[in-house]
>>> print(open('upload07.txt').read())   # compact mmCIF, C-alpha atoms
# COMPACT_ATOMS: atom_id res chain seq x y z
CA MET F 347 5.65 -10.78 -31.45
CA SER F 348 2.78 -9.15 -29.67
CA VAL F 349 2.08 -7.80 -26.21
CA GLU F 350 -1.20 -6.86 -24.58
CA VAL F 351 -1.49 -3.35 -23.15
CA ARG F 352 -4.10 -2.45 -20.52
CA ILE F 353 -5.26 1.13 -20.83
CA PRO F 354 -6.69 3.03 -17.81
CA THR F 355 -10.06 4.76 -18.21
CA ILE F 356 -8.45 8.17 -18.33
CA LEU F 357 -6.35 7.32 -21.44
CA ARG F 358 -9.03 5.51 -23.44
CA THR F 359 -9.79 8.65 -25.40
CA HIS F 360 -6.64 7.68 -27.35
CA THR F 361 -7.77 4.11 -28.02
CA GLY F 362 -11.34 4.75 -29.11
CA GLY F 363 -12.56 3.47 -25.74
CA GLU F 364 -10.63 0.18 -25.99
CA LYS F 365 -9.58 -1.25 -22.62
CA ILE F 366 -6.94 -3.57 -24.05
CA VAL F 367 -4.86 -2.97 -27.19
CA LYS F 368 -2.12 -4.97 -28.89
CA GLY F 369 1.32 -3.67 -29.67
CA ASP F 370 4.82 -4.65 -30.79
CA GLY F 371 8.31 -3.80 -29.63
CA ASP F 372 11.46 -5.31 -28.12
CA THR F 373 11.46 -2.66 -25.41
CA LEU F 374 8.86 -0.46 -23.75
CA SER F 375 9.97 2.60 -25.70
CA ALA F 376 9.65 0.68 -28.95
CA LEU F 377 6.21 -0.48 -27.84
CA PHE F 378 5.02 3.07 -27.12
CA ALA F 379 6.38 4.25 -30.49
CA ASP F 380 4.41 1.46 -32.15
CA LEU F 381 1.23 2.22 -30.15
CA ASP F 382 1.44 5.89 -31.08
CA THR F 383 1.14 5.05 -34.79
CA ARG F 384 -2.40 3.72 -34.17
CA HIS F 385 -3.36 5.53 -30.96
CA ASN F 386 -2.32 9.08 -31.57
CA GLY F 387 -1.18 10.97 -28.46
CA LEU F 388 -1.06 7.95 -26.13
CA SER F 389 2.72 7.92 -25.89
CA GLY F 390 2.84 11.60 -24.96
CA ARG F 391 0.54 11.04 -21.99
CA VAL F 392 2.87 8.41 -20.55
CA ILE F 393 6.35 9.59 -21.62
CA THR F 394 7.70 13.12 -21.16
CA GLY F 395 9.51 15.15 -23.79
CA GLU F 396 12.74 14.22 -22.02
CA GLY F 397 12.00 10.52 -22.56
CA ALA F 398 11.11 9.64 -18.96
CA LEU F 399 7.90 8.29 -17.48
CA HIS F 400 5.48 10.96 -16.30
CA ARG F 401 5.59 11.34 -12.52
CA PHE F 402 1.96 10.34 -11.96
CA VAL F 403 1.94 7.35 -14.32
CA ASN F 404 3.01 3.84 -13.38
CA VAL F 405 3.76 1.16 -15.97
CA TYR F 406 4.00 -2.53 -15.17
CA VAL F 407 5.27 -5.45 -17.27
CA ASN F 408 3.76 -8.68 -15.94
CA ASP F 409 2.97 -6.87 -12.65
CA GLU F 410 6.53 -5.55 -12.15
CA ASP F 411 6.89 -1.75 -11.90
CA VAL F 412 9.22 -0.90 -14.78
CA ARG F 413 10.95 1.86 -12.80
CA PHE F 414 12.81 -1.03 -11.12
CA THR F 415 13.45 -3.13 -14.23
CA GLY F 416 15.17 -0.65 -16.55
CA GLY F 417 12.45 1.92 -17.17
CA LEU F 418 11.60 2.45 -20.82
CA ASP F 419 14.50 0.16 -21.79
CA THR F 420 12.74 -2.78 -20.13
CA ALA F 421 12.81 -5.71 -22.55
CA LEU F 422 9.54 -7.22 -23.76
CA ASN F 423 8.79 -10.76 -24.83
CA ASP F 424 5.97 -12.23 -26.85
CA GLY F 425 2.88 -12.65 -24.68
CA ASP F 426 3.91 -10.10 -22.03
CA SER F 427 1.22 -8.04 -20.41
CA VAL F 428 1.75 -4.30 -19.96
CA THR F 429 -0.45 -2.28 -17.58
CA ILE F 430 -0.61 1.51 -17.39
CA LEU F 431 -2.09 3.04 -14.23
CA PRO F 432 -2.34 6.53 -12.76
CA ALA F 433 -0.61 6.96 -9.38
CA VAL F 434 -3.14 7.11 -6.55
CA ALA F 435 -2.83 7.57 -2.80
CA GLY F 436 -2.94 4.58 -0.45
CA GLY F 437 -3.00 4.45 3.37
CA MET L 773 6.97 -9.20 31.11
CA ALA L 774 3.46 -8.71 29.78
CA ARG L 775 2.27 -5.94 32.12
CA TYR L 776 1.83 -2.42 30.72
CA ASP L 777 0.84 0.94 32.20
CA SER L 778 -1.70 1.61 29.43
CA ILE L 779 -2.93 0.21 26.14
CA LEU L 780 -0.65 2.58 24.19
CA ASP L 781 2.39 0.95 25.77
CA THR L 782 1.50 -2.31 24.01
CA ALA L 783 2.25 -0.83 20.58
CA GLY L 784 5.05 -2.52 18.66
CA ASP L 785 7.23 -5.52 19.51
CA THR L 786 4.81 -7.75 17.60
CA PRO L 787 5.33 -11.50 17.07
CA LEU L 788 7.11 -12.90 14.03
CA VAL L 789 5.66 -16.30 13.21
CA GLY L 790 6.77 -18.92 10.71
CA LEU L 791 4.52 -19.93 7.82
CA PRO L 792 5.73 -23.54 7.44
CA ASN L 793 2.85 -24.68 5.25
CA LEU L 794 3.20 -21.87 2.73
CA SER L 795 7.02 -21.95 2.69
CA PRO L 796 8.21 -23.84 -0.39
CA SER L 797 11.11 -25.63 1.37
CA GLY L 798 13.27 -25.70 4.50
CA ASP L 799 15.68 -23.34 2.74
CA VAL L 800 13.14 -20.88 1.44
CA ARG L 801 10.98 -19.79 4.34
CA LEU L 802 8.20 -17.26 4.86
CA TRP L 803 7.65 -15.39 8.12
CA ALA L 804 4.68 -13.24 9.12
CA LYS L 805 5.03 -10.15 11.31
CA LEU L 806 1.68 -9.83 13.05
CA GLU L 807 1.00 -6.10 13.12
CA ASP L 808 -2.64 -6.75 13.98
CA ARG L 809 -1.33 -7.24 17.54
CA ASN L 810 -1.18 -3.49 18.05
CA PRO L 811 -3.63 -1.47 20.19
CA THR L 812 -6.17 -0.74 17.43
CA GLY L 813 -5.26 -3.79 15.39
CA SER L 814 -3.02 -2.42 12.67
CA ILE L 815 0.54 -1.38 11.88
CA LYS L 816 -0.69 2.24 11.83
CA ASP L 817 -0.57 2.42 15.62
CA ARG L 818 3.19 2.80 15.29
CA ALA L 819 2.90 5.70 12.85
CA ALA L 820 0.05 7.40 14.73
CA LEU L 821 1.90 7.35 18.07
CA SER L 822 5.07 8.57 16.43
CA MET L 823 3.38 11.43 14.53
CA LEU L 824 1.34 12.58 17.56
CA SER L 825 4.32 12.42 19.91
CA ALA L 826 6.47 14.37 17.43
CA ALA L 827 3.75 17.03 17.05
CA GLU L 828 3.48 17.32 20.85
CA ALA L 829 7.25 17.62 21.20
CA ASP L 830 7.27 20.35 18.52
CA GLY L 831 4.58 22.27 20.44
CA LEU L 832 2.05 21.95 17.58
CA LEU L 833 -0.58 20.27 19.73
CA LYS L 834 -2.09 22.17 22.64
CA PRO L 835 -4.58 20.39 24.94
CA GLY L 836 -7.96 20.14 23.23
CA ALA L 837 -6.51 20.76 19.78
CA THR L 838 -8.34 19.58 16.66
CA ILE L 839 -6.48 17.12 14.44
CA LEU L 840 -7.46 16.55 10.81
CA GLU L 841 -6.32 13.61 8.69
CA PRO L 842 -7.16 12.05 5.32
CA THR L 843 -7.27 8.28 5.77
CA SER L 844 -8.72 5.17 4.20
CA GLY L 845 -9.14 3.78 7.71
CA ASN L 846 -6.32 2.31 9.74
CA THR L 847 -4.35 5.51 10.36
CA GLY L 848 -7.55 7.29 11.34
CA ILE L 849 -8.53 4.54 13.78
CA ALA L 850 -5.05 4.56 15.31
CA LEU L 851 -5.08 8.37 15.65
CA ALA L 852 -8.58 8.20 17.12
CA LEU L 853 -7.45 6.03 20.02
CA VAL L 854 -4.46 8.20 20.88
CA SER L 855 -6.53 11.39 20.44
CA ARG L 856 -9.22 10.08 22.80
CA LEU L 857 -6.69 9.18 25.50
CA ARG L 858 -4.70 12.40 25.15
CA GLY L 859 -7.66 14.75 24.84
CA TYR L 860 -7.65 15.87 21.20
CA ARG L 861 -10.56 16.18 18.77
CA LEU L 862 -10.08 14.19 15.53
CA ILE L 863 -11.67 14.75 12.13
CA CYS L 864 -11.00 12.13 9.43
CA VAL L 865 -11.63 12.64 5.72
CA MET L 866 -12.31 9.14 4.40
CA PRO L 867 -13.44 7.90 0.97
CA GLU L 868 -17.00 6.54 1.14
CA ASN L 869 -15.91 3.30 -0.60
CA THR L 870 -14.25 1.88 2.50
CA SER L 871 -15.69 -0.81 4.77
CA ALA L 872 -18.51 0.01 7.22
CA GLU L 873 -16.44 -1.28 10.12
CA ARG L 874 -13.84 1.41 9.64
CA ARG L 875 -16.40 4.19 10.01
CA GLN L 876 -17.96 2.46 13.03
CA LEU L 877 -14.60 2.12 14.77
CA LEU L 878 -13.67 5.73 14.07
CA GLU L 879 -16.96 6.96 15.53
CA LEU L 880 -16.66 4.59 18.49
CA TYR L 881 -13.33 6.16 19.42
CA GLY L 882 -14.94 9.59 19.09
CA ALA L 883 -13.65 10.79 15.72
CA LYS L 884 -15.78 12.77 13.30
CA VAL L 885 -15.86 11.31 9.77
CA VAL L 886 -16.12 13.56 6.72
CA PRO L 887 -16.86 11.36 3.68
CA SER L 888 -15.13 12.05 0.36
CA PRO L 889 -16.58 10.80 -2.96
CA ALA L 890 -15.83 7.19 -3.93
CA ALA L 891 -14.90 8.17 -7.48
CA GLY L 892 -12.04 10.35 -6.22
CA GLY L 893 -10.49 7.59 -4.10
CA SER L 894 -7.83 8.45 -1.55
CA ASN L 895 -6.50 11.20 -3.83
CA GLN L 896 -9.61 13.26 -3.30
CA ALA L 897 -9.63 12.56 0.45
CA VAL L 898 -6.11 13.99 0.60
CA ALA L 899 -7.08 17.00 -1.51
CA MET L 900 -10.21 17.66 0.61
CA ALA L 901 -8.25 17.42 3.86
CA ARG L 902 -5.55 19.77 2.59
CA LYS L 903 -8.25 22.29 1.60
CA LEU L 904 -9.98 22.00 5.01
CA ALA L 905 -6.63 22.46 6.72
CA ALA L 906 -5.99 25.65 4.76
CA GLU L 907 -9.46 26.97 5.71
CA ASN L 908 -8.97 26.13 9.40
CA PRO L 909 -5.45 27.25 10.28
CA ASP L 910 -5.87 26.33 13.96
CA TRP L 911 -6.44 22.66 13.06
CA VAL L 912 -3.40 20.41 12.95
CA MET L 913 -3.00 18.12 9.96
CA LEU L 914 -0.37 15.49 10.68
CA ASP L 915 -0.42 14.37 7.03
CA GLN L 916 0.75 10.76 7.10
CA TYR L 917 1.85 11.03 3.45
CA SER L 918 4.49 13.65 4.11
CA ASN L 919 5.15 13.33 7.86
CA ALA L 920 8.71 12.09 8.47
CA ALA L 921 7.64 10.74 11.88
CA ASN L 922 5.49 8.15 10.05
CA ALA L 923 8.50 6.49 8.40
CA ALA L 924 10.73 7.20 11.41
CA ALA L 925 8.49 5.00 13.60
CA HIS L 926 9.51 2.03 11.48
CA THR L 927 13.20 2.94 11.37
CA ALA L 928 13.13 3.07 15.17
CA THR L 929 10.98 0.00 15.91
CA THR L 930 9.81 -2.28 13.06
CA GLY L 931 13.22 -2.58 11.42
CA PRO L 932 15.20 -3.36 14.61
CA GLU L 933 12.56 -5.86 15.75
CA LEU L 934 12.84 -7.76 12.47
CA LEU L 935 16.62 -7.95 12.48
CA ARG L 936 16.61 -9.00 16.15
CA ASP L 937 14.09 -11.80 15.54
CA LEU L 938 15.36 -12.97 12.13
CA PRO L 939 19.05 -12.10 11.62
CA THR L 940 19.06 -14.31 8.51
CA MET L 941 16.31 -12.35 6.76
CA THR L 942 16.84 -11.84 3.02
CA HIS L 943 13.65 -10.05 1.92
CA LEU L 944 11.16 -7.61 3.36
CA VAL L 945 7.78 -7.60 1.62
CA ALA L 946 5.19 -5.01 2.68
CA GLY L 947 2.25 -3.10 1.28
CA LEU L 948 2.67 0.29 -0.34
CA GLY L 949 0.21 2.93 0.85
CA THR L 950 1.64 6.03 2.48
CA THR L 951 4.96 4.22 1.86
CA GLY L 952 5.88 4.90 5.53
CA THR L 953 6.36 1.23 6.47
CA LEU L 954 8.60 0.45 3.50
CA MET L 955 10.56 3.71 3.64
CA GLY L 956 11.24 3.51 7.38
CA THR L 957 11.88 -0.23 7.70
CA GLY L 958 13.67 -0.28 4.34
CA ARG L 959 16.10 2.47 5.38
CA PHE L 960 16.92 0.70 8.62
CA LEU L 961 17.59 -2.56 6.78
CA ARG L 962 19.65 -0.91 4.03
CA ASP L 963 21.86 0.64 6.75
CA ASN L 964 22.07 -2.39 9.02
CA ALA L 965 21.57 -5.44 6.79
CA PRO L 966 22.58 -4.28 3.31
CA GLY L 967 21.88 -7.63 1.63
CA VAL L 968 18.16 -7.54 2.42
CA LYS L 969 15.93 -6.84 -0.58
CA ILE L 970 13.08 -4.37 -0.05
CA VAL L 971 9.99 -5.41 -2.01
CA ALA L 972 6.75 -3.40 -2.27
CA ALA L 973 3.39 -5.05 -2.93
CA GLU L 974 1.09 -2.48 -4.42
CA PRO L 975 -2.66 -3.07 -4.47
CA ARG L 976 -4.26 -2.85 -7.91
CA TYR L 977 -7.87 -1.84 -7.34
CA GLY L 978 -10.91 -1.93 -9.57
CA GLU L 979 -11.24 0.75 -12.24
CA LEU L 980 -13.49 3.04 -10.23
CA VAL L 981 -10.64 3.80 -7.86
CA TYR L 982 -8.52 5.12 -10.72
CA GLY L 983 -11.28 7.38 -12.01
CA LEU L 984 -9.29 10.60 -11.98
CA ARG L 985 -10.38 13.43 -14.21
CA ASN L 986 -6.85 13.98 -15.42
CA LEU L 987 -3.41 12.56 -14.80
CA ASP L 988 -2.22 15.68 -13.00
CA GLU L 989 -4.56 14.70 -10.15
CA GLY L 990 -2.27 11.71 -9.56
CA PHE L 991 -0.56 11.43 -6.24
CA VAL L 992 2.81 10.18 -5.05
CA PRO L 993 3.35 10.51 -1.27
CA GLU L 994 6.06 13.01 -0.36
CA LEU L 995 7.60 10.28 1.83
CA TYR L 996 8.21 8.02 -1.16
CA ASP L 997 11.81 7.60 -2.29
CA GLU L 998 12.09 4.88 -4.92
CA LYS L 999 15.79 4.40 -4.12
CA VAL L 1000 14.81 2.62 -0.89
CA LEU L 1001 13.01 -0.15 -2.83
CA HIS L 1002 14.50 -2.90 -4.97
CA ARG L 1003 11.27 -3.97 -6.55
CA ARG L 1004 7.61 -3.07 -6.76
CA ILE L 1005 4.97 -5.67 -7.65
CA SER L 1006 1.35 -4.85 -8.51
CA VAL L 1007 -1.25 -7.30 -7.16
CA GLY L 1008 -4.86 -7.39 -8.30
CA THR L 1009 -7.94 -7.93 -6.14
CA ALA L 1010 -8.49 -11.60 -7.09
CA ASP L 1011 -4.90 -12.65 -6.28
CA ALA L 1012 -4.95 -10.68 -3.03
CA LEU L 1013 -8.18 -12.37 -1.92
CA ARG L 1014 -7.00 -15.84 -2.93
CA ARG L 1015 -3.84 -15.43 -0.85
CA THR L 1016 -5.74 -13.91 2.09
CA ARG L 1017 -7.88 -17.04 2.23
CA GLN L 1018 -4.88 -19.32 1.78
CA LEU L 1019 -3.18 -17.63 4.73
CA VAL L 1020 -6.09 -18.41 7.03
CA THR L 1021 -6.82 -21.94 5.76
CA GLU L 1022 -3.20 -23.13 5.55
CA GLU L 1023 -1.59 -21.22 8.39
CA GLY L 1024 -4.46 -20.04 10.57
CA VAL L 1025 -3.47 -16.38 10.18
CA PHE L 1026 -6.61 -14.24 9.73
CA ALA L 1027 -5.42 -11.14 7.89
CA GLY L 1028 -6.93 -8.28 5.89
CA PRO L 1029 -6.92 -8.28 2.07
CA SER L 1030 -3.82 -6.05 1.82
CA THR L 1031 -1.83 -8.85 3.46
CA GLY L 1032 -3.01 -11.19 0.72
CA ALA L 1033 -1.36 -8.86 -1.79
CA VAL L 1034 1.84 -8.90 0.27
CA LEU L 1035 1.77 -12.70 0.51
CA HIS L 1036 1.25 -12.96 -3.25
CA ALA L 1037 4.36 -10.87 -3.90
CA ALA L 1038 6.29 -12.85 -1.27
CA LEU L 1039 5.39 -16.11 -3.02
CA VAL L 1040 6.69 -14.67 -6.32
CA VAL L 1041 10.00 -13.94 -4.56
CA ALA L 1042 9.99 -17.39 -2.90
CA ALA L 1043 9.40 -19.20 -6.20
CA GLU L 1044 12.36 -17.37 -7.75
CA ALA L 1045 14.58 -18.32 -4.79
CA VAL L 1046 13.61 -21.98 -5.22
CA ARG L 1047 14.26 -21.82 -8.98
CA THR L 1048 17.71 -20.30 -8.50
CA GLY L 1049 18.56 -22.51 -5.50
CA VAL L 1050 19.24 -19.58 -3.17
CA PRO L 1051 18.15 -19.88 0.50
CA ALA L 1052 15.76 -17.14 1.57
CA ASP L 1053 14.05 -15.90 4.74
CA ILE L 1054 11.21 -13.71 3.54
CA VAL L 1055 9.28 -11.42 5.90
CA VAL L 1056 5.62 -10.76 5.13
CA ILE L 1057 4.19 -7.74 6.94
CA VAL L 1058 0.64 -8.48 8.11
CA ALA L 1059 -0.68 -4.92 8.32
CA ASP L 1060 -4.00 -5.82 9.94
CA ALA L 1061 -6.45 -8.65 10.64
CA GLY L 1062 -9.60 -9.50 8.70
CA TRP L 1063 -12.23 -8.34 11.21
CA LYS L 1064 -12.77 -4.93 9.65
CA TYR L 1065 -13.44 -6.47 6.23
CA LEU L 1066 -16.00 -9.18 7.09
CA SER L 1067 -18.88 -7.04 5.80
CA THR L 1068 -17.20 -6.62 2.41
CA GLY L 1069 -17.74 -10.29 1.56
CA ALA L 1070 -13.99 -10.91 1.23
CA TYR L 1071 -14.18 -14.13 3.26
CA SER L 1072 -17.44 -15.69 2.14
CA GLY L 1073 -18.77 -17.21 -1.07
CA SER L 1074 -16.67 -17.96 -4.13
CA LEU L 1075 -13.49 -16.04 -4.91
CA GLU L 1076 -15.16 -14.59 -8.00
CA GLU L 1077 -18.06 -13.24 -5.93
CA ALA L 1078 -15.68 -11.84 -3.33
CA ALA L 1079 -13.48 -10.16 -5.96
CA GLU L 1080 -16.56 -8.63 -7.53
CA ALA L 1081 -17.77 -7.39 -4.14
CA LEU L 1082 -14.43 -5.71 -3.51
CA ASP L 1083 -14.12 -4.18 -6.96
CA GLY L 1084 -14.35 -0.44 -6.53
CA GLN L 1085 -13.51 -0.69 -2.80
CA LEU L 1086 -10.32 0.61 -1.25
CA TRP L 1087 -9.38 -2.72 0.28
CA ALA L 1088 -5.86 -1.86 1.35
>>> encode(input="upload07.txt", output="structure tokens")
Amino acid sequence: MSVEVRIPTILRTHTGGEKIVKGDGDTLSALFADLDTRHNGLSGRVITGEGALHRFVNVYVNDEDVRFTGGLDTALNDGDSVTILPAVAGG
Amino acid sequence: MARYDSILDTAGDTPLVGLPNLSPSGDVRLWAKLEDRNPTGSIKDRAALSMLSAAEADGLLKPGATILEPTSGNTGIALALVSRLRGYRLICVMPENTSAERRQLLELYGAKVVPSPAAGGSNQAVAMARKLAAENPDWVMLDQYSNAANAAAHTATTGPELLRDLPTMTHLVAGLGTTGTLMGTGRFLRDNAPGVKIVAAEPRYGELVYGLRNLDEGFVPELYDEKVLHRRISVGTADALRRTRQLVTEEGVFAGPSTGAVLHAALVVAAEAVRTGVPADIVVIVADAGWKYLSTGAYSGSLEEAAEALDGQLWA
């Protein structure tokens, strides 16, 4: 299985400038472990040492914020789209 | 009774109208709360009045005081009206990648606009305003992102109005900016109608808007408490625009692009209700009308052209 991961500008230093990368994993944490094998340091920018999402990073699976769908345990299916975005102000 | 002592007294108690053509069935219905029917044409009139009145009650605002606020538009415009009528000076820090109409309206009401760089988005506007506030201790920064009176306006008015007008409501869908609308209305509904699901529609802008220098410059409003929400859906510019146009062509409701994002999320919820056979009454908060966005190209030409025109703009 394979999912597509959209990388924000600020994290593309870890993907050699690539905007979209492919990855594997049954859950988000498995996906980030897989991504880290090819994109060194990416996982550490998104996930803290305690295994939580960094406060100023939002991750979406098919447009759903994963903080409401099980966090890093969120299940992934073939063809899912994962988007990483920095938190910005609205209003 | 439709007689009021002044324009400010017309804030709130906005109409809730059915969206029969966009509703998937008689059992799964969409309703639009028309917040453009507020004095300056947006839901922010509720927050602005509430924050200014709270600051006056706390003795923070003396006659002639200078108020400072970071804003991408609507809050600033709402504060500008109240400031003009109550005799305060208003300075707004606003990202330069916002529509021309917003600046014109702010200046018309007498506010001074300090532009912040487009590349820094709202985050930098907030940072600049907080720095200016520290340098000018006699200025009053209401700070919509952390001011409890912002959310409290919705606990006191928006929430009760919704439950009064639609006791069968099952979902609230609103845009996520300062988070004031969702926090305040959401808390009221959780306390008074515990079955109602609170759904946030979050605008996903073009890349320029996320051009932070590092992740630590990220920003989560102090008001935000994720426990109030049940779900948060990210909506891109193209989907938001498509739904904004659908709302006007199919229902005659002329709304701003942020409402298109809200409608998109509401239709996701509606489709799930249809699939699972559960009746639903879904409220869509229409934060403002489309007038202020005409110059952005959101309503003319092809969707692709419009999405391209709005890329890099703060459209919500």
>>> interface_residues(input="upload07.txt", of="chain F", to="chain L", cutoff="8 Å", atoms="all atoms listed in the file", output="JSON, numbers by chain")
{"F": [354, 355, 356, 402, 403, 406, 409, 410, 411, 414, 431, 432, 433, 434, 435, 436, 437]}
>>> residues_around(input="upload07.txt", residues="region 384-397 of chain F", least_positions_apart="6", cutoff="12 Å", atoms="all atoms listed in the file", output="PyMOL selection string")
(chain F and resi 351+353-354+356-364+366-370+374-378+403-405+417-419+429-433) or (chain L and resi 986-988)
>>> residues_around(input="upload07.txt", residues="Trp1063 (chain L)", least_positions_apart="3", cutoff="12 Å", atoms="all atoms listed in the file", output="ChimeraX atom specification")
/L:808,812-814,871-874,877,1025-1029,1060,1066-1071
>>> residues_around(input="upload07.txt", residues="region 886-888 of chain L", least_positions_apart="3", cutoff="6 Å", atoms="only C-alpha atoms", output="list of chain:residue names")
L:Cys864, L:Val865, L:Met866, L:Pro867, L:Glu868, L:Ala897
>>> atom_distance(input="upload07.txt", atom1="CA of Asp372 (chain F)", atom2="CA of Gly425 (chain F)")
11.8 Å
>>> atom_distance(input="upload07.txt", atom1="CA of Lys969 (chain L)", atom2="CA of Ala923 (chain L)")
17.7 Å
>>> closest_residue(input="upload07.txt", among="L:Met955, L:Leu802, L:Leu938, L:Leu880", to="Glu994 (chain L)", atoms="only C-alpha atoms")
L:Met955
>>> atom_distance(input="upload07.txt", atom1="CA of Arg1014 (chain L)", atom2="CA of Ser1072 (chain L)")
11.6 Å
>>> closest_residue(input="upload07.txt", among="L:Gly978, L:Gln876, L:Thr930, L:Arg818", to="Val854 (chain L)", atoms="only C-alpha atoms")
L:Arg818
>>> residues_around(input="upload07.txt", residues="Asp963 (chain L)", least_positions_apart="2", cutoff="12 Å", atoms="only C-alpha atoms", output="VMD selection string")
chain L and resid 927 931 to 932 935 956 to 961 965 to 968 1000
>>> closest_residue(input="upload07.txt", among="L:Val789, L:Leu840, L:Leu934, L:Leu857", to="Leu904 (chain L)", atoms="all atoms listed in the file")
L:Leu840
>>> axis_aligned_box(input="upload07.txt", around="region 403-406 of chain F", padding_each_side="4 Å", output="JSON")
{"center_x": 3.0, "center_y": 2.4, "center_z": -14.7, "size_x": 10.1, "size_y": 17.9, "size_z": 10.6}
>>> closest_residue(input="upload07.txt", among="F:Lys365, F:Thr373, F:Thr415, F:Asp382", to="Glu350 (chain F)", atoms="only C-alpha atoms")
F:Lys365
>>> closest_residue(input="upload07.txt", among="F:His400, F:Asp380, F:Gly371, F:Arg352", to="Val428 (chain F)", atoms="all atoms listed in the file")
F:Arg352
